[in-house]
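Chemist: For reference, the structure I am asking about is given below.
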Amino acid sequence: MLLHDTSLIFGRYLRQTLRSRFQIFFGILMPLLYLLFFGPLLTGLPLGSEGDSWQVLVPGLLLQLGLFGASFAGFSVIIEKSTGVVERMRVTPVSRLALLLGRVLRDALLFMFQAVLLVLAALVMGLRAPLPGVLIGFAFVGLLTVSLASLSYALAMKVRTPQEFGPVINALTMPAMLLSGLMLPMTLGPTWLDVLSHFTPFRYLVDAVRDAYVGSYATAHMLYGVLVAVAFALLAVTAGTRVFRRAGA
């Protein structure tokens, strides 16, 4: 029943997404602008890590796509609450876990598709990375999306208006972006900033994907990245499901 219910919810939201080309392609705009206008500035600069500037920047942009896109996914739940969709779902026998999983799996598929477009653009700009490393990067984007979308939906069930939701998300995502080293390796900064960044789970994901993009798979960064990504996803889905069950939707 869980698989059946999840597929129903996934199909519902996937059809909504496919009817909105604006949602599909506009979400990639910010990482694409960083790629086009920020990437060339790094060419030839010593960035303190393996690989060229594109192998440093593109993994960060991929995770930035998941970070900002998935974090704001909860806006749709706020809209559904205001239009009565959530109220109608409360009276259905559909699994509350399926109501969450159907949404987050749609989000994961959407952002991985956008990640593919971003990598294709990066290849035109000069990125050279092994295929297994690129695929590993997509997997990390998917896990990050599942994690952050689950927490975003949980938060959206708790707040009443977009005016409450937006500032909270901004207050959490901006420090996460700055401390995770999405744009540049944190090793370029002062020691205290590098140490502080290790308290941000996204730092481990960024380091793992950068290793993958230079063909280094059996590394400590990769191990820590996988462990953090999987643990974060499990905790986020558990927390999100608990909120959905308590809310009855």
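Chains: A, B, ... in order of the structure tokens. Residues: from 1 per chain. Ligands: from 1, in order shown.
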Where does DSSP see alpha helix (DSSP H) in stretch 39-238 of chain A, if you list the residues as a PyMOL selection string?
Modeler: chain A and resi 39-42+53-71+75-83+85-90+96-125+131-158+162-180+191-197+201-213+220-238
Chemist: Residues within 12 Å of stretch 41-45 of chain A, please, as a list in words. Count only C-alpha atoms; anything in the same chain fewer than 3 positions from it doesn't count.
Modeler: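 Using only C-alpha atoms, the neighbours found are Tyr34, Leu35, Leu36, Phe37, Phe38, Gly48, Ser49, Gly51, Asp52, Ser53, Trp54, Gln55, Val56, Leu57, Val58, Met125, Gly126, Leu127, Met183, Leu184 and Leu188 of chain A.
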Chemist: Any idea what's packed within 8 Å of A:Ser7, counting only C-alpha atoms, ignoring anything in its chain fewer than 4 positions away? Could you give it as a PDB file with N, CA and C atoms, in the first residue's frame?
Modeler:
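File written: out.pdb
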```pdb
ATOM      1  N   LEU A   3       3.802   1.718  -1.381  1.00  0.00           N
ATOM      2  CA  LEU A   3       4.295   1.957  -2.739  1.00  0.00           C
ATOM      3  C   LEU A   3       3.179   2.472  -3.644  1.00  0.00           C
ATOM      4  N   GLY A  11       2.713  10.748  -8.899  1.00  0.00           N
ATOM      5  CA  GLY A  11       2.135  11.014 -10.213  1.00  0.00           C
ATOM      6  C   GLY A  11       1.351  12.314 -10.246  1.00  0.00           C
ATOM      7  N   GLY A 102       5.828  11.042  -1.877  1.00  0.00           N
ATOM      8  CA  GLY A 102       5.411  11.387  -3.232  1.00  0.00           C
ATOM      9  C   GLY A 102       5.870  12.769  -3.634  1.00  0.00           C
TER      10      GLY A 102
END
```
Chemist: Nearest to A:Ala108 among A:Leu179, A:Ala233, A:Leu33, A:Ala122, with distances taken over only C-alpha atoms: which residue is it?
Modeler: A:Ala233
Chemist: Which of these residues is nearest to A:Gly133, using only C-alpha atoms: A:Ala73, A:Leu109, A:Met222, A:Leu47?
Modeler: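 The closest residue to A:Gly133 is A:Met222.
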Chemist: When you draw a straight line from atom CA of A:Leu151 to atom CA of A:Val237, how long is it in Å?
Modeler: 7.5 Å
Chemist: Under the rule that only C-alpha atoms are counted, which of A:Lys81, A:Ala139, A:Leu32, A:Leu227 is the nearest residue to A:Leu120?
Modeler: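 So, comparing all the options, the nearest one is A:Leu32.
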Chemist: Mind dumping a table of every stretch 159-213 of chain A residue within 12 Å of stretch 145-148 of chain A, with the nearest atom pair and its distance in Å to one decimal, using only C-alpha atoms, sorted by chain and rising number, as a Markdown table?
Modeler:
```
| residue | atom | partner | partner_atom | distance |
| --- | --- | --- | --- | --- |
| A:Ile169 | CA | A:Leu148 | CA | 10.5 |
| A:Leu172 | CA | A:Leu148 | CA | 11.1 |
| A:Thr173 | CA | A:Leu148 | CA | 10.1 |
| A:Ala176 | CA | A:Leu148 | CA | 11.9 |
| A:Pro201 | CA | A:Ser147 | CA | 11.4 |
| A:Phe202 | CA | A:Leu148 | CA | 11.0 |
```
Chemist: For C-alpha atoms, I'd like the residues from the last selection saved as a short mmCIF file (atom, residue, chain, number, x, y, z; two decimals), in the first residue's frame.
Modeler:
```cif
data_model
loop_
_atom_site.label_atom_id
_atom_site.label_comp_id
_atom_site.auth_asym_id
_atom_site.auth_seq_id
_atom_site.Cartn_x
_atom_site.Cartn_y
_atom_site.Cartn_z
CA ILE A 169 14.37 29.48 5.15
CA LEU A 172 19.02 28.84 7.46
CA THR A 173 20.11 28.50 3.83
CA ALA A 176 24.68 26.94 5.11
CA PRO A 201 26.64 18.80 6.99
CA PHE A 202 26.71 20.28 3.49
#
```
Chemist: What is the atom CA of A:Leu2 to atom CA of A:Arg245 distance in Å?
Modeler: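 Between atom CA of A:Leu2 and atom CA of A:Arg245 the gap is 14.3 Å.
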Chemist: Fewer than 5 positions away in the same chain doesn't count, so skip those; otherwise give me all residues within 12 Å of stretch 14-25 of chain A, counting only C-alpha atoms, as a list of chain:residue names.
Modeler: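 Near neighbours after the sequence-gap exclusion: A:Thr6, A:Ser7, A:Leu8, A:Ile9, A:Met30, A:Pro31, A:Leu32, A:Leu65, A:Gly69, A:Ala73, A:Ser76, A:Gly102, A:Arg103, A:Val104, A:Leu105, A:Arg106, A:Asp107, A:Ala108, A:Leu109, A:Leu110, A:Phe111, A:Met112, A:Phe113, A:Gln114, A:Ala115, A:Val116, A:Leu117, A:Leu118.
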Chemist: Taking only C-alpha atoms into account, name the residue in A:Leu99, A:Arg242, A:Val134, A:Gln64 that is nearest to A:Ser180.
Modeler: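 Result for the nearest residue to A:Ser180: A:Gln64.
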Chemist: Select, from A:Ala98, A:Met186, A:Val124, A:Leu193, the residue with the minimum atom-to-atom distance to A:Asp207, counting only C-alpha atoms.
Modeler: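 Among the listed residues, A:Met186 lies closest to A:Asp207.
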Chemist: Check the smallest atom-to-atom distance from each of A:Ala212, A:Leu196, A:Met89, A:Ala154 to A:Arg128 using only C-alpha atoms, then report the winner.
Modeler: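 Nearest candidate to A:Arg128 out of A:Ala212, A:Leu196, A:Met89, A:Ala154: A:Ala212.
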Chemist: Please list as a compact mmCIF listing (two decimals) with N, CA and C atoms, in the first residue's frame every residue within 10 Å of A:Ala208, counting only C-alpha atoms and excluding residues in the same chain fewer than 2 positions away.
Modeler:
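Result file is selection_38.txt:
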```
# COMPACT_ATOMS: atom_id res chain seq x y z
N PRO A 59 30.60 21.08 -8.86
CA PRO A 59 29.99 20.34 -7.75
C PRO A 59 29.28 21.25 -6.74
N GLY A 133 31.97 9.93 -11.72
CA GLY A 133 31.95 11.06 -10.81
C GLY A 133 30.74 11.95 -11.02
N ILE A 136 27.75 10.17 -9.57
CA ILE A 136 27.78 10.27 -8.10
C ILE A 136 27.28 11.65 -7.66
N GLY A 137 27.65 12.67 -8.40
CA GLY A 137 27.16 14.01 -8.09
C GLY A 137 25.64 14.10 -8.17
N PHE A 140 24.11 12.57 -5.07
CA PHE A 140 24.16 13.46 -3.91
C PHE A 140 23.10 14.56 -4.01
N PHE A 202 26.52 20.10 4.92
CA PHE A 202 26.71 20.28 3.49
C PHE A 202 28.18 20.31 3.10
N ARG A 203 29.06 20.68 4.03
CA ARG A 203 30.50 20.71 3.74
C ARG A 203 30.98 19.33 3.31
N TYR A 204 30.49 18.28 3.96
CA TYR A 204 30.93 16.93 3.66
C TYR A 204 30.43 16.48 2.29
N LEU A 205 29.24 16.92 1.92
CA LEU A 205 28.71 16.57 0.61
C LEU A 205 29.50 17.26 -0.50
N VAL A 206 29.83 18.53 -0.28
CA VAL A 206 30.58 19.27 -1.28
C VAL A 206 31.96 18.64 -1.50
N ARG A 210 33.32 16.89 -5.04
CA ARG A 210 34.54 17.40 -5.68
C ARG A 210 35.56 16.29 -5.87
N ASP A 211 35.66 15.38 -4.90
CA ASP A 211 36.55 14.23 -5.08
C ASP A 211 36.08 13.37 -6.25
N ALA A 212 34.76 13.17 -6.35
CA ALA A 212 34.21 12.35 -7.43
C ALA A 212 34.51 12.97 -8.80
N TYR A 213 34.48 14.30 -8.86
CA TYR A 213 34.68 14.97 -10.15
C TYR A 213 36.14 14.92 -10.62
N SER A 216 38.43 10.58 -7.76
CA SER A 216 38.87 9.99 -6.49
C SER A 216 37.64 9.49 -5.73
N TYR A 217 37.48 8.18 -5.68
CA TYR A 217 36.25 7.61 -5.09
C TYR A 217 36.49 6.98 -3.73
N THR A 219 38.01 7.72 -0.89
CA THR A 219 38.65 8.73 -0.04
C THR A 219 37.84 8.93 1.23
N ALA A 220 38.46 9.56 2.21
CA ALA A 220 37.76 9.87 3.46
C ALA A 220 36.62 10.85 3.20
N HIS A 221 36.84 11.80 2.30
CA HIS A 221 35.77 12.75 1.97
C HIS A 221 34.56 12.02 1.41
N MET A 222 34.78 11.03 0.56
CA MET A 222 33.67 10.29 -0.02
C MET A 222 32.92 9.50 1.05
N LEU A 223 33.67 8.86 1.93
CA LEU A 223 33.05 8.07 3.00
C LEU A 223 32.20 8.96 3.90
N TYR A 224 32.78 10.07 4.36
CA TYR A 224 32.03 10.97 5.24
C TYR A 224 30.83 11.57 4.50
N GLY A 225 31.02 11.89 3.24
CA GLY A 225 29.91 12.47 2.46
C GLY A 225 28.74 11.52 2.33
N VAL A 226 29.02 10.26 2.03
CA VAL A 226 27.94 9.27 1.91
C VAL A 226 27.23 9.06 3.24
```
Chemist: For atom CA of A:Ile79 and atom CA of A:Gln163, determine how far apart the two atoms are, in Å to one decimal place.
Modeler: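 That distance, rounded to one decimal, is 12.2 Å.
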